[in-house]
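Notes for the one structure printed next.
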Amino acid sequence: MGQILSLEFEQQIAAVRELLRTAVREHGRVVYANSLGAEAMVLTDLIATFVPEIDMFSIDTGRLPDETHALLARIEARYGRRIRLVHPDARALEALLAAQGTNGFYGSLEARLGCCQVRKLEPFRRAVAGYRAWVTGVRREQSATRASGAALEWDAGHGLYKVSPLLDWTEGQIWHYIRARQLPYNSLHDRQFRSIGCAPCTRAVEPGGDGRAGRWWWEQAESRECGLHPRVRAAAVRTPA
């Protein structure tokens, strides 16, 4: 059975819905970059239920876990809505593999960022072309590199507004919503995978440990980003009341 949500939490959820609606009113074409993580299940539910005019896409890097592909099918079955999949450019991927080999990204930060560039960043840029704003599920507590953003800000790196409705949510609140609404989620979460990306770059973490410690675990913590959320803060704009 689902859990009962407190009035305070219901108000917090309502604020997320209103921010999403405000983004559509003010910017017109808005798209959600669905990461298929736990936060993504909350935003998928709110967008599909209350703000369906927001488009959705997900990036299939070619290295996603089988469990992530299985989740896609469950989401589409629940909401009757397909999530557009965006893939790496075939020629760029061929060149990457020729230069690095299959798992060359383990060799250096430069190689790993090059892999993310081809498999994730370039497909992302194609996917958001023509939109005025994009929605993301980043949260402050995920890492130091994500702690200084604003819920609505100009993303100079990508040339459109960035909307982060869950920025001040805790991981506990994310899972409370998932359980209360009985939402589908990636089964890897049940095996201590708290942040999920490409299969070779993701592993389980110790209970109570850093939620993103399982991403690119062979690197220093400050470098564990793919490039979608640069550390240089974008220009913040006032979030409408």
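Residues in the structure tokens are numbered from 1 in each chain, the chains being A, B, ... in the order shown, and ligands are numbered from 1 in the order shown.
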
### Message
So that I can check the surroundings of range 213-217 of chain A, please list as a list in words every protein, DNA and RNA residue that reaches within 7 Å of it, counting only C-alpha atoms and ignoring chain neighbours fewer than 2 positions away.
### Response
Ser195, Cys201, Thr202, Arg203, Ala204, Val205, Asp210, Gly211, Glu219 and Arg224 of chain A

### Message
Residues within 10 Å of range 91-100 of chain A, please, as a VMD selection string. Count only C-alpha atoms; anything in the same chain fewer than 5 positions from it doesn't count.
### Response
chain A and resid 61 to 62 105 to 107 111 to 112 114 to 115 117 to 119 122

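Going from CA of Gln12 in chain A over to CA of Tyr32 in chain A, you cover 19.6 Å.
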
### Distance query Thr68 in chain A at most 10 Å, only C-alpha atoms, self and fewer than 5 positions along chain excluded, as a ChimeraX atom specification
/A:35-37,60,73-74,185-188,196-199

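The residue that comes closest to Pro200 in chain A, out of A:Leu64, A:Ile54, A:Val128, A:Ala180 and on the basis of only C-alpha atoms, is A:Leu64.
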
#### Entry: Residue neighbourhood Phe50 in chain A, 12 Å, only C-alpha atoms, exclusion window fewer than 4 positions, as a list of chain:residue names
A:Ile13, A:Ala14, A:Val16, A:Arg17, A:Glu18, A:Leu19, A:Leu20, A:Arg21, A:Val24, A:Val42, A:Leu43, A:Thr44, A:Asp45, A:Leu46, A:Ile54, A:Tyr79
